[in-house]
Each structure stands twice: as C-alpha cells, then as structure tokens.
Amino acid sequence: MTVRVVTDSSSNLPHWVAEELHIEVVDLHAMGDTTAGLSALELAATYARQLERGGDAGLIALHIGKEFSSTWSNAVAAAAVFDNVRVIDTDSVGMNLGAAAMAAARSAQMGATLEECYDMAVDILHRSDTWFYVHKLDALRKSGRLTTGAYVAATLAARPILHVGENGLEVAAKGRTPSKALGRLVDLVQEHAEGGQVFVAVQQYEARENARKLEQHLRSVLPEGSNVLVVDIAPALAVHVGPGAVGVTLVNTNNLPQLPK
C-alpha cells in the first residue's frame, strides 16, 4: 500500500514525470477563452479511484489555490467523503504544485506515511516561489485573476514580472524590454537561491526560444547540483497568461529526496 498523490493540470507537471512517480493529474476545463474549475463530483470520483489503487495508505491532494479557482473548495468538499484524503491549501499555481506533488510522490515511493507525505508537500510549498513574465495582461484582468490594484501597478511598470503569492498575483519586478524581463527572472532566482542547490522549472507558452535561453542562462549561474526543467504551461493557464508567457518556479532542494531531472 502506497500513499497516492493527486494534482490538477495547473501544476504544469509534465506527463513523463507524472507517469514516473504515479501522480494523477486531473485536467482543468479549458473552453476557448474561458476556463472552469473541477467539480466536487469529479474530484470525489478521482480520489475514490486512486484510493482503491493505494489501499488504506491515503491520498494527498494538491490543487490550484483558492484565489484562482473554485477547485480547492470543491476538493475540500470531495475529501469530506473520505477519512484518509488530505487536501493542502496551496495558495499557489504552476510548478509550485508540481514540485510539491513530485516530492510527496517520491516520499510515498520510499514508504512514507500519509502525514509524512503531507508534511513533505507543505515543506516544498514553503520553500517555493514562482514568477511569471506575461506579455499582455488583458486576459488575466478580464478573468479576475489579477486584481484592480495589481493591474494598475502592472500597467505602470514596463514589462512587469508577476509573483504568485497567498493573495494572488502581485507585481514583483519589471524590465524595460522582454530580454531585460527575462534577465530579471534570472536575478530573482539567484537572489532567492542564496547560493544553495535548487530545483528550477521554466514554464512557457508559445515562448520556447526564450525558455531555452532562460534555461541555458540558469544552468550557467546556479550552484552545482541544481536541476533545471523546462515544461509547457497547461492549456487552462495558457488561456489567462497568453502567448509569450514565461515563468520560473524555484525550490530550495537542500536535504530533500532527489527530484526528477
């Protein structure tokens, strides 16, 4: 019996990683230029299937933060049907979730208990930061994912970089040009790495060349032993961030189980 791990597609978790670590990724609904969260019924059915596979070991659920979607509250409702499902209040989106799911699943493979897997995932979330460079802000504003205050601040900043925090999206930095903005992403990663080994996920939507350059730059400046992974932004997030979006998730991986390269 092994603890099961469930996340949703907002984690941007690559299929090959999910398969390797036996993580169940449930797709959020993307319909043209709109999206919809997962219902309690959908999540309860997913949890039931995974619990059947894992026996009595239990299940960890990591979903898009409540500031961005109704999925989290529906997950809490779905989990109430079971006595061994732990839903984590992530306050996040992107590879923050993916990295936490990876670490929890790796711990499960090593025989960790439900509580130990839960603690590992929470620890990873606390060690993580995510920033996004978004070429245009209109979709984020229209969908309500960017507050009026953050939108005003972002429009006043040239090439804004947004930080994913517990209150949603906030302007963290800016660059005068796209290349300067990408350079600022590297600076933010280095500043928060503080000289230690890190795991960094570069996330992109129709910006593969910029993502490749960012990956190369990060590999050249990060401490030995750090890992850099390039992933695609899931369709349900791509609707909001738009073409040209590039994000980075940083996780301090000191004294943690090895994450997939």
# chains A, B, ... in the order shown; residues from 1 in each chain; ligands from 1
$ closest_atom_pairs --of "segment 7-105 of chain A" --to "segment 160-180 of chain A" --cutoff "8 Å" --atoms "only C-alpha atoms" --output "CSV"
residue,atom,partner,partner_atom,distance
A:Glu67,CA,A:Gly168,CA,5.7
A:Phe68,CA,A:Gly168,CA,7.1
A:Asp91,CA,A:Glu166,CA,4.9
A:Ser92,CA,A:Val164,CA,6.4
A:Val93,CA,A:Val164,CA,7.3
$ write_last_selection --atoms "C-alpha atoms" --output "mmCIF file, in the first residue's frame"
data_model
loop_
_atom_site.group_PDB
_atom_site.id
_atom_site.type_symbol
_atom_site.label_atom_id
_atom_site.label_comp_id
_atom_site.auth_asym_id
_atom_site.auth_seq_id
_atom_site.Cartn_x
_atom_site.Cartn_y
_atom_site.Cartn_z
ATOM 1 C CA GLU A 67 -7.507 32.752 -5.044
ATOM 2 C CA PHE A 68 -7.545 31.439 -8.616
ATOM 3 C CA ASP A 91 -2.300 29.294 -2.248
ATOM 4 C CA SER A 92 -0.401 28.720 -5.456
ATOM 5 C CA VAL A 93 -0.343 27.652 -9.090
#
$ select_by_dssp --residues "segment 59-259 of chain A" --states "alpha helix (DSSP H)" --output "ChimeraX atom specification"
/A:71-79,95-109,114-127,138-143,148-156,178-193,208-221,235-241
$ select_by_dssp --residues "segment 25-215 of chain A" --states "strand (DSSP E or B)" --output "PyMOL selection string"
chain A and resi 25-26+29-31+34-36+59-62+85-88+128-133+160-165+168-174+198-205
$ atom_distance --atom1 "atom CA of Ile60 of chain A" --atom2 "atom CA of Met31 of chain A"
27.6 Å
$ residues_around --residues "Glu206 of chain A" --least-positions-apart "4" --cutoff "10 Å" --atoms "only C-alpha atoms" --output "ChimeraX atom specification"
/A:210-211,232-233,238,242-246
$ residues_around --residues "segment 47-50 of chain A" --least-positions-apart "4" --cutoff "8 Å" --atoms "only C-alpha atoms" --output "PyMOL selection string"
chain A and resi 4+6+24+43+54+59+79+85
$ residues_around --residues "Ala105 of chain A" --least-positions-apart "2" --cutoff "9 Å" --atoms "only C-alpha atoms" --output "list in words"
Val3, Arg4, Val5, Leu21, His22, Ile23, Ile60, Ala100, Ala101, Met102, Ala103, Ser107, Ala108, Gln109, Met110, Cys117 and Ala121 of chain A
$ write_last_selection --atoms "C-alpha atoms" --output "JSON list (two decimals), in the first residue's frame"
[["chain", "number", "residue", "atom", "x", "y", "z"],
["A", 3, "VAL", "CA", 0.12, 6.92, -0.49],
["A", 4, "ARG", "CA", -1.36, 8.34, -3.68],
["A", 5, "VAL", "CA", -0.85, 11.89, -4.92],
["A", 21, "LEU", "CA", 6.04, 8.99, -9.97],
["A", 22, "HIS", "CA", 2.47, 7.65, -10.34],
["A", 23, "ILE", "CA", 0.91, 11.09, -9.82],
["A", 60, "ILE", "CA", -2.59, 13.82, -0.82],
["A", 100, "ALA", "CA", 5.28, 19.59, -4.14],
["A", 101, "ALA", "CA", 3.49, 16.70, -5.84],
["A", 102, "MET", "CA", 6.81, 15.31, -7.07],
["A", 103, "ALA", "CA", 8.35, 15.38, -3.60],
["A", 107, "SER", "CA", 8.38, 10.16, -0.40],
["A", 108, "ALA", "CA", 5.45, 7.78, -0.92],
["A", 109, "GLN", "CA", 7.62, 5.54, -3.09],
["A", 110, "MET", "CA", 10.13, 5.45, -0.24],
["A", 117, "CYS", "CA", 3.91, 12.88, 2.58],
["A", 121, "ALA", "CA", 4.44, 18.66, 0.26]]
$ closest_atom_pairs --of "segment 32-133 of chain A" --to "segment 193-202 of chain A" --cutoff "9 Å" --atoms "only C-alpha atoms" --output "CSV"
residue,atom,partner,partner_atom,distance
A:Met95,CA,A:Ala201,CA,6.6
A:Asn96,CA,A:Ala201,CA,8.9
A:Ala99,CA,A:Phe199,CA,8.5
$ closest_residue --among "A:Thr35, A:Thr90, A:Thr130, A:Asn84" --to "Thr7 of chain A" --atoms "only C-alpha atoms"
A:Thr90
$ residues_around --residues "Thr71 of chain A" --least-positions-apart "6" --cutoff "10 Å" --atoms "only C-alpha atoms" --output "PyMOL selection string"
chain A and resi 8+28+36-40+43+63-65+77
$ closest_residue --among "A:Ala207, A:Val251, A:Ala234, A:Leu188" --to "Ala30 of chain A" --atoms "only C-alpha atoms"
A:Ala234
$ closest_residue --among "A:Asn12, A:His29, A:Ala57, A:Ala75" --to "Leu41 of chain A" --atoms "only C-alpha atoms"
A:Ala75
$ closest_residue --among "A:Gly183, A:Glu20, A:Gly247, A:Glu209" --to "Val221 of chain A" --atoms "only C-alpha atoms"
A:Gly183
$ closest_residue --among "A:Val231, A:Ala104, A:Val189, A:Trp131" --to "Asp119 of chain A" --atoms "only C-alpha atoms"
A:Ala104
$ closest_residue --among "A:Leu125, A:Leu237, A:Leu250, A:Met1" --to "Glu191 of chain A" --atoms "only C-alpha atoms"
A:Leu250
